[in-house]
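For reference, final17.cif (mmCIF, C-alpha atoms; chains and numbers go by the auth columns):
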data_input
#
loop_
_atom_site.group_PDB
_atom_site.id
_atom_site.type_symbol
_atom_site.label_atom_id
_atom_site.label_comp_id
_atom_site.label_asym_id
_atom_site.label_seq_id
_atom_site.Cartn_x
_atom_site.Cartn_y
_atom_site.Cartn_z
_atom_site.B_iso_or_equiv
_atom_site.auth_seq_id
_atom_site.auth_asym_id
ATOM 1 C CA MET A 1 20.288 20.537 71.450 0.00 82 A
ATOM 2 C CA ALA A 2 17.485 18.342 70.033 0.00 83 A
ATOM 3 C CA SER A 3 15.945 21.421 68.407 0.00 84 A
ATOM 4 C CA SER A 4 19.160 22.278 66.547 0.00 85 A
ATOM 5 C CA LYS A 5 19.514 18.621 65.423 0.00 86 A
ATOM 6 C CA LYS A 6 15.961 18.693 63.929 0.00 87 A
ATOM 7 C CA LEU A 7 16.818 21.969 62.188 0.00 88 A
ATOM 8 C CA LEU A 8 19.997 20.417 60.808 0.00 89 A
ATOM 9 C CA ASP A 9 18.041 17.358 59.573 0.00 90 A
ATOM 10 C CA ARG A 10 15.487 19.617 57.833 0.00 91 A
ATOM 11 C CA ARG A 11 18.275 21.580 56.139 0.00 92 A
ATOM 12 C CA THR A 12 19.938 18.358 55.007 0.00 93 A
ATOM 13 C CA ILE A 13 16.661 17.063 53.573 0.00 94 A
ATOM 14 C CA THR A 14 15.988 20.421 51.895 0.00 95 A
ATOM 15 C CA VAL A 15 19.479 20.554 50.354 0.00 96 A
ATOM 16 C CA ALA A 16 19.184 16.938 49.201 0.00 97 A
ATOM 17 C CA THR A 17 15.784 17.598 47.609 0.00 98 A
ATOM 18 C CA ILE A 18 17.063 20.699 45.828 0.00 99 A
ATOM 19 C CA SER A 19 20.094 18.743 44.591 0.00 100 A
ATOM 20 C CA VAL A 20 17.925 15.977 43.144 0.00 101 A
ATOM 21 C CA LEU A 21 15.583 18.453 41.435 0.00 102 A
ATOM 22 C CA THR A 22 18.523 20.437 40.048 0.00 103 A
ATOM 23 C CA GLY A 23 20.066 17.228 38.731 0.00 104 A
ATOM 24 C CA LEU A 24 16.841 16.190 36.999 0.00 105 A
ATOM 25 C CA GLY A 25 16.393 19.677 35.567 0.00 106 A
ATOM 26 C CA GLY A 26 19.978 19.650 34.313 0.00 107 A
ATOM 27 C CA PHE A 27 19.426 16.273 32.655 0.00 108 A
ATOM 28 C CA ALA A 28 16.262 17.520 30.912 0.00 109 A
ATOM 29 C CA LEU A 29 18.041 20.703 29.795 0.00 110 A
ATOM 30 C CA ALA A 30 21.024 18.741 28.472 0.00 111 A
ATOM 31 C CA ALA A 31 18.684 16.410 26.579 0.00 112 A
ATOM 32 C CA ALA A 32 16.791 19.367 25.075 0.00 113 A
ATOM 33 C CA LEU A 33 19.988 21.097 24.009 0.00 114 A
ATOM 34 C CA SER A 34 21.374 17.919 22.460 0.00 115 A
ATOM 35 C CA GLY A 35 18.282 17.551 20.263 0.00 116 A
ATOM 36 C CA GLN A 36 17.031 14.467 22.088 0.00 117 A
ATOM 37 C CA GLN A 37 13.622 14.260 23.696 0.00 118 A
ATOM 38 C CA VAL A 38 13.425 12.215 26.842 0.00 119 A
ATOM 39 C CA PHE A 39 10.626 9.652 26.772 0.00 120 A
ATOM 40 C CA GLY A 40 8.120 9.979 29.579 0.00 121 A
ATOM 41 C CA GLN A 41 7.885 7.007 31.899 0.00 122 A
ATOM 42 C CA LYS A 42 4.894 5.555 30.046 0.00 123 A
ATOM 43 C CA SER A 43 5.262 7.232 26.641 0.00 124 A
ATOM 44 C CA SER A 44 6.060 5.228 23.534 0.00 125 A
ATOM 45 C CA PHE A 45 6.576 8.081 21.041 0.00 126 A
ATOM 46 C CA ALA A 46 9.065 10.959 21.152 0.00 127 A
ATOM 47 C CA CYS A 47 11.146 13.110 18.812 0.00 128 A
ATOM 48 C CA GLN A 48 14.844 12.853 18.156 0.00 129 A
ATOM 49 C CA LEU A 49 17.320 14.179 15.667 0.00 130 A
ATOM 50 C CA GLN A 50 18.246 11.167 13.538 0.00 131 A
ATOM 51 C CA PRO A 51 21.036 10.898 10.966 0.00 132 A
ATOM 52 C CA ASP A 52 19.998 11.519 7.363 0.00 133 A
ATOM 53 C CA THR A 53 22.358 9.135 5.588 0.00 134 A
ATOM 54 C CA PRO A 54 22.015 10.547 2.041 0.00 135 A
ATOM 55 C CA GLY A 55 22.720 14.110 3.179 0.00 136 A
ATOM 56 C CA GLY A 56 24.917 13.524 6.195 0.00 137 A
ATOM 57 C CA ASN A 57 22.716 15.862 8.242 0.00 138 A
ATOM 58 C CA GLU A 58 20.177 15.265 10.992 0.00 139 A
ATOM 59 C CA VAL A 59 16.391 15.195 10.584 0.00 140 A
ATOM 60 C CA TRP A 60 13.714 15.507 13.267 0.00 141 A
ATOM 61 C CA THR A 61 12.112 12.081 13.473 0.00 142 A
ATOM 62 C CA VAL A 62 9.243 10.609 15.484 0.00 143 A
ATOM 63 C CA THR A 63 10.639 7.556 17.268 0.00 144 A
ATOM 64 C CA TYR A 64 8.859 4.610 18.887 0.00 145 A
ATOM 65 C CA ARG A 65 10.165 2.907 22.012 0.00 146 A
ATOM 66 C CA HIS A 66 9.273 -0.593 23.026 0.00 147 A
ATOM 67 C CA GLU A 67 11.134 -2.867 25.348 0.00 148 A
ATOM 68 C CA LYS A 68 14.746 -1.617 25.248 0.00 149 A
ATOM 69 C CA GLU A 69 14.705 -0.493 21.635 0.00 150 A
ATOM 70 C CA VAL A 70 14.038 2.887 20.018 0.00 151 A
ATOM 71 C CA LYS A 71 13.110 2.813 16.325 0.00 152 A
ATOM 72 C CA PRO A 72 12.644 5.732 13.923 0.00 153 A
ATOM 73 C CA TRP A 73 9.111 5.964 12.542 0.00 154 A
ATOM 74 C CA LEU A 74 8.341 9.228 10.738 0.00 155 A
ATOM 75 C CA LYS A 75 10.714 11.846 9.337 0.00 156 A
ATOM 76 C CA MET A 76 9.787 15.500 9.136 0.00 157 A
ATOM 77 C CA VAL A 77 9.946 16.220 5.407 0.00 158 A
ATOM 78 C CA GLU A 78 9.614 19.225 3.151 0.00 159 A
ATOM 79 C CA GLY A 79 6.017 18.492 2.085 0.00 160 A
ATOM 80 C CA LEU A 80 4.697 19.221 5.588 0.00 161 A
ATOM 81 C CA PRO A 81 3.196 22.643 6.359 0.00 162 A
ATOM 82 C CA GLU A 82 5.630 25.334 7.462 0.00 163 A
ATOM 83 C CA ASP A 83 3.453 26.840 10.219 0.00 164 A
ATOM 84 C CA LEU A 84 5.571 24.922 12.758 0.00 165 A
ATOM 85 C CA SER A 85 9.293 24.206 12.893 0.00 166 A
ATOM 86 C CA PRO A 86 10.296 20.606 12.070 0.00 167 A
ATOM 87 C CA LYS A 87 10.907 20.000 15.798 0.00 168 A
ATOM 88 C CA GLU A 88 7.487 21.385 16.790 0.00 169 A
ATOM 89 C CA ARG A 89 5.745 19.373 14.029 0.00 170 A
ATOM 90 C CA CYS A 90 7.566 16.249 15.207 0.00 171 A
ATOM 91 C CA GLN A 91 6.466 16.826 18.798 0.00 172 A
ATOM 92 C CA GLU A 92 2.856 17.418 17.699 0.00 173 A
ATOM 93 C CA ILE A 93 2.802 14.177 15.688 0.00 174 A
ATOM 94 C CA ALA A 94 4.454 12.212 18.531 0.00 175 A
ATOM 95 C CA GLN A 95 1.814 13.469 20.980 0.00 176 A
ATOM 96 C CA ARG A 96 -1.007 12.468 18.629 0.00 177 A
ATOM 97 C CA LEU A 97 0.518 9.034 18.025 0.00 178 A
ATOM 98 C CA GLU A 98 0.759 8.527 21.782 0.00 179 A
ATOM 99 C CA ILE A 99 -2.993 9.143 22.098 0.00 180 A
ATOM 100 C CA TYR A 100 -3.864 6.992 19.061 0.00 181 A
ATOM 101 C CA HIS A 101 -1.563 4.229 20.345 0.00 182 A
ATOM 102 C CA GLN A 102 -3.845 3.905 23.379 0.00 183 A
ATOM 103 C CA GLU A 103 -6.785 3.472 20.969 0.00 184 A
ATOM 104 C CA GLY A 104 -5.042 0.605 19.133 0.00 185 A
ATOM 105 C CA LEU A 105 -3.055 1.830 16.107 0.00 186 A
ATOM 106 C CA LYS A 106 -3.844 -0.243 12.995 0.00 187 A
ATOM 107 C CA SER A 107 -2.617 1.607 9.901 0.00 188 A
ATOM 108 C CA LEU A 108 -1.169 4.813 8.501 0.00 189 A
ATOM 109 C CA THR A 109 -2.005 6.355 5.126 0.00 190 A
ATOM 110 C CA TYR A 110 -2.720 9.649 3.347 0.00 191 A
ATOM 111 C CA LEU A 111 -6.050 10.843 1.958 0.00 192 A
ATOM 112 C CA GLU A 112 -7.435 13.774 0.016 0.00 193 A
ATOM 113 C CA ASN A 113 -9.339 16.283 2.141 0.00 194 A
ATOM 114 C CA PRO A 114 -12.706 16.502 0.346 0.00 195 A
ATOM 115 C CA GLY A 115 -13.779 19.640 2.210 0.00 196 A
ATOM 116 C CA GLN A 116 -11.208 21.866 0.472 0.00 197 A
ATOM 117 C CA PRO A 117 -11.833 23.775 -2.788 0.00 198 A
ATOM 118 C CA GLN A 118 -8.352 22.859 -4.089 0.00 199 A
ATOM 119 C CA LYS A 119 -6.705 19.464 -3.667 0.00 200 A
ATOM 120 C CA GLU A 120 -5.214 19.116 -0.208 0.00 201 A
ATOM 121 C CA TYR A 121 -4.070 15.955 1.514 0.00 202 A
ATOM 122 C CA TYR A 122 -3.452 14.776 5.045 0.00 203 A
ATOM 123 C CA VAL A 123 -1.701 11.883 6.759 0.00 204 A
ATOM 124 C CA CYS A 124 -4.002 9.902 9.017 0.00 205 A
ATOM 125 C CA VAL A 125 -4.197 6.778 11.158 0.00 206 A
ATOM 126 C CA LYS A 126 -6.839 4.143 11.689 0.00 207 A
ATOM 127 C CA THR A 127 -7.258 2.728 15.166 0.00 208 A
ATOM 128 C CA LYS A 128 -9.355 -0.066 16.635 0.00 209 A
ATOM 129 C CA ALA A 129 -11.550 2.610 18.212 0.00 210 A
ATOM 130 C CA SER A 130 -12.006 4.625 14.979 0.00 211 A
ATOM 131 C CA TYR A 131 -13.363 1.659 12.978 0.00 212 A
ATOM 132 C CA ASN A 132 -12.934 2.703 9.324 0.00 213 A
ATOM 133 C CA ASN A 133 -12.461 6.415 10.009 0.00 214 A
ATOM 134 C CA CYS A 134 -8.997 7.807 9.360 0.00 215 A
ATOM 135 C CA ILE A 135 -7.980 10.274 12.106 0.00 216 A
ATOM 136 C CA LEU A 136 -5.833 13.296 11.255 0.00 217 A
ATOM 137 C CA LEU A 137 -2.143 12.971 12.141 0.00 218 A
ATOM 138 C CA THR A 138 -0.888 15.954 10.133 0.00 219 A
ATOM 139 C CA SER A 139 -1.869 17.842 7.015 0.00 220 A
ATOM 140 C CA LEU A 140 0.379 18.121 3.972 0.00 221 A
ATOM 141 C CA LYS A 141 1.471 21.403 2.467 0.00 222 A
ATOM 142 C CA PRO A 142 -0.916 22.512 -0.326 0.00 223 A
ATOM 143 C CA GLY A 143 0.660 21.810 -3.705 0.00 224 A
ATOM 144 C CA SER A 144 3.033 19.132 -2.389 0.00 225 A
ATOM 145 C CA ASP A 145 3.025 15.687 -3.999 0.00 226 A
ATOM 146 C CA PRO A 146 1.240 13.549 -1.370 0.00 227 A
ATOM 147 C CA GLU A 147 2.704 10.239 -2.562 0.00 228 A
ATOM 148 C CA THR A 148 6.290 11.474 -2.538 0.00 229 A
ATOM 149 C CA THR A 149 5.877 13.280 0.786 0.00 230 A
ATOM 150 C CA PHE A 150 4.230 10.276 2.455 0.00 231 A
ATOM 151 C CA GLN A 151 6.862 7.853 1.172 0.00 232 A
ATOM 152 C CA ALA A 152 9.708 10.071 2.374 0.00 233 A
ATOM 153 C CA MET A 153 8.035 10.626 5.729 0.00 234 A
ATOM 154 C CA THR A 154 7.444 6.893 6.299 0.00 235 A
ATOM 155 C CA ALA A 155 10.761 5.632 4.888 0.00 236 A
ATOM 156 C CA PRO A 156 11.966 4.486 8.342 0.00 237 A
ATOM 157 C CA LEU A 157 8.854 2.267 8.628 0.00 238 A
ATOM 158 C CA THR A 158 8.939 0.866 5.117 0.00 239 A
ATOM 159 C CA GLY A 159 12.682 0.779 4.505 0.00 240 A
ATOM 160 C CA SER A 160 11.821 1.942 0.989 0.00 241 A
ATOM 161 C CA LYS A 161 14.350 2.697 -1.696 0.00 242 A
ATOM 162 C CA SER A 162 13.373 5.366 -4.138 0.00 243 A
ATOM 163 C CA THR A 163 12.985 6.664 -7.631 0.00 244 A
ATOM 164 C CA LYS A 164 11.308 9.986 -6.848 0.00 245 A
ATOM 165 C CA SER A 165 13.152 12.921 -5.336 0.00 246 A
ATOM 166 C CA GLN A 166 12.187 14.201 -1.885 0.00 247 A
ATOM 167 C CA THR A 167 13.785 16.756 0.377 0.00 248 A
ATOM 168 C CA TYR A 168 13.990 16.310 4.137 0.00 249 A
ATOM 169 C CA GLN A 169 13.522 19.265 6.466 0.00 250 A
ATOM 170 C CA GLN A 170 16.770 19.704 8.340 0.00 251 A
ATOM 171 C CA ARG A 171 17.218 21.366 11.716 0.00 252 A
ATOM 172 C CA THR A 172 17.840 24.607 9.778 0.00 253 A
ATOM 173 C CA GLY A 173 15.024 24.023 7.279 0.00 254 A
ATOM 174 C CA LYS A 174 17.446 23.265 4.420 0.00 255 A
ATOM 175 C CA GLY A 175 17.230 19.939 2.649 0.00 256 A
ATOM 176 C CA THR A 176 18.897 17.053 0.888 0.00 257 A
ATOM 177 C CA SER A 177 17.453 14.876 -1.866 0.00 258 A
ATOM 178 C CA VAL A 178 16.601 11.188 -1.703 0.00 259 A
ATOM 179 C CA SER A 179 14.218 9.092 -3.841 0.00 260 A
ATOM 180 C CA TYR A 180 11.215 6.750 -3.289 0.00 261 A
ATOM 181 C CA THR A 181 9.159 4.207 -5.253 0.00 262 A
ATOM 182 C CA SER A 182 5.396 4.172 -5.709 0.00 263 A
ATOM 183 C CA ASN A 183 3.446 1.559 -3.679 0.00 264 A
ATOM 184 C CA ASP A 184 0.100 1.217 -1.912 0.00 265 A
ATOM 185 C CA PRO A 185 0.175 4.087 0.577 0.00 266 A
ATOM 186 C CA THR A 186 -1.395 2.167 3.491 0.00 267 A
ATOM 187 C CA ILE A 187 1.107 0.918 6.062 0.00 268 A
ATOM 188 C CA LYS A 188 -0.104 -1.763 8.474 0.00 269 A
ATOM 189 C CA LEU A 189 1.387 -0.930 11.885 0.00 270 A
ATOM 190 C CA LYS A 190 0.979 -4.205 13.794 0.00 271 A
ATOM 191 C CA SER A 191 4.490 -5.460 12.953 0.00 272 A
ATOM 192 C CA HIS A 192 5.970 -2.092 13.997 0.00 273 A
ATOM 193 C CA LEU A 193 4.416 -2.135 17.482 0.00 274 A
ATOM 194 C CA ALA A 194 5.439 -4.031 20.585 0.00 275 A
ATOM 195 C CA GLU A 195 3.620 -7.287 21.209 0.00 276 A
ATOM 196 C CA GLY A 196 0.618 -6.787 23.409 0.00 277 A
ATOM 197 C CA ALA A 197 0.223 -3.134 22.349 0.00 278 A
ATOM 198 C CA PRO A 198 -3.382 -1.917 22.461 0.00 279 A
#
Please, can you express the file's structure as structure tokens?
Amino acid sequence: MASSKKLLDRRTITVATISVLTGLGGFALAAALSGQQVFGQKSSFACQLQPDTPGGNEVWTVTYRHEKEVKPWLKMVEGLPEDLSPKERCQEIAQRLEIYHQEGLKSLTYLENPGQPQKEYYVCVKTKASYNNCILLTSLKPGSDPETTFQAMTAPLTGSKSTKSQTYQQRTGKGTSVSYTSNDPTIKLKSHLAEGAP
């Protein structure tokens, strides 16, 4: 009798474990299908589809979570290379920001890549650990206007209004136009990070 009770307890534990794992897997699948990325327990950056007010569509956007708030940071725009989908590019940038966040994010800007025969630009970050070196976040598509692309990409951080036209990459790759003004391209990140961030 005791043997069958132990067997019953093991089956109950096994069924309960499978139920919990199935539930978690279902939650992750539902989040993936809805276009939302679930933040890891300790992660600060993730990707989400965010509304694109001018076009009424959704745009893949790197978001930053601190405390109980999630804020959009960087939109995936047309001037980014097309070797990855907007979602994949967003995830790549979010992963890099997560690493750089641990090194003490200071600023975000774009620079010309001097090692290329034709003018090419990249978006980069400075961290406390990198001193004055600007670390690659993502390259820009050759031939794209770096100022316009950077301003459109960082619009959630700067809250900028615009005078130049820029097209966002939608979920389908099609775009909508919105404009931006010309300012110093360096964005100081301290005010956009949680207090006590590295």
Checklist entry - Which residues, protein or nucleic acid, reach to within 9 Å of (-1.0, 8.6, 15.8) in the file's coordinates when using all atoms listed in the file, and can you give that as an MDAnalysis selection string? => result chainID A and resid 174:182 186 189 205:208 216:218
When the PyMOL selection byres ((chain A and resi 140) around 6) is applied to the structure above, which residues does it catch, written out as an mmCIF file with C-alpha atoms, keeping the file's coordinate frame?
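expr33.cif written:
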data_model
loop_
_atom_site.group_PDB
_atom_site.id
_atom_site.type_symbol
_atom_site.label_atom_id
_atom_site.label_comp_id
_atom_site.auth_asym_id
_atom_site.auth_seq_id
_atom_site.Cartn_x
_atom_site.Cartn_y
_atom_site.Cartn_z
ATOM 1 C CA LEU A 130 17.320 14.179 15.667
ATOM 2 C CA GLN A 131 18.246 11.167 13.538
ATOM 3 C CA GLU A 139 20.177 15.265 10.992
ATOM 4 C CA TRP A 141 13.714 15.507 13.267
ATOM 5 C CA GLN A 251 16.770 19.704 8.340
#
Item to check | Residues matched by the PyMOL selection byres ((chain A and resi 146) around 9), written as a PyMOL selection string | outcome: chain A and resi 120+124-127+144-145+147-153+274-275
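Taking CA of Glu193 (chain A) and CA of Leu221 (chain A) as endpoints, the distance between them is 9.8 Å.
Across the model, the gap from CA of Glu173 (chain A) to CA of Leu161 (chain A) is 12.4 Å.
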Checklist entry - Given the choices A:Asn214, A:Gly160, A:Thr190, A:Glu276, which gets closest to Thr229 (chain A) if the distance is worked out from all atoms listed in the file? => result A:Gly160
Checklist outcome for this item: For Lys271 (chain A), the closest of A:Gly185, A:Pro227, A:Pro237, A:Gly196 counting all atoms listed in the file is A:Gly185
Checklist entry - Could you state the separation of CA of Thr142 (chain A) and CA of Leu238 (chain A) in Å, given to one decimal place? => result 11.4 Å
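When the PyMOL selection byres ((chain A and resi 230-232) around 7) is evaluated against the file, it yields Val158, Gly160, Asp226, Pro227, Glu228, Thr229, Ala233, Met234, Thr235, Ala236, Gln247 and Tyr261 of chain A.
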With C-alpha atoms retained, could you export that selection as a JSON list (two decimals), in the coordinates of the input?
[["chain", "number", "residue", "atom", "x", "y", "z"],
["A", 158, "VAL", "CA", 9.95, 16.22, 5.41],
["A", 160, "GLY", "CA", 6.02, 18.49, 2.08],
["A", 226, "ASP", "CA", 3.02, 15.69, -4.00],
["A", 227, "PRO", "CA", 1.24, 13.55, -1.37],
["A", 228, "GLU", "CA", 2.70, 10.24, -2.56],
["A", 229, "THR", "CA", 6.29, 11.47, -2.54],
["A", 233, "ALA", "CA", 9.71, 10.07, 2.37],
["A", 234, "MET", "CA", 8.04, 10.63, 5.73],
["A", 235, "THR", "CA", 7.44, 6.89, 6.30],
["A", 236, "ALA", "CA", 10.76, 5.63, 4.89],
["A", 247, "GLN", "CA", 12.19, 14.20, -1.88],
["A", 261, "TYR", "CA", 11.22, 6.75, -3.29]]
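Using all atoms listed in the file, the shortest contact distance between Asp164 (chain A) and any of A:Leu192, A:Lys222, A:Ile268, A:Cys128 is found at A:Lys222.
Counting all atoms listed in the file, the residue from A:Asn194, A:Gly240, A:Glu159, A:Leu165 that sits nearest to His273 (chain A) is A:Gly240.
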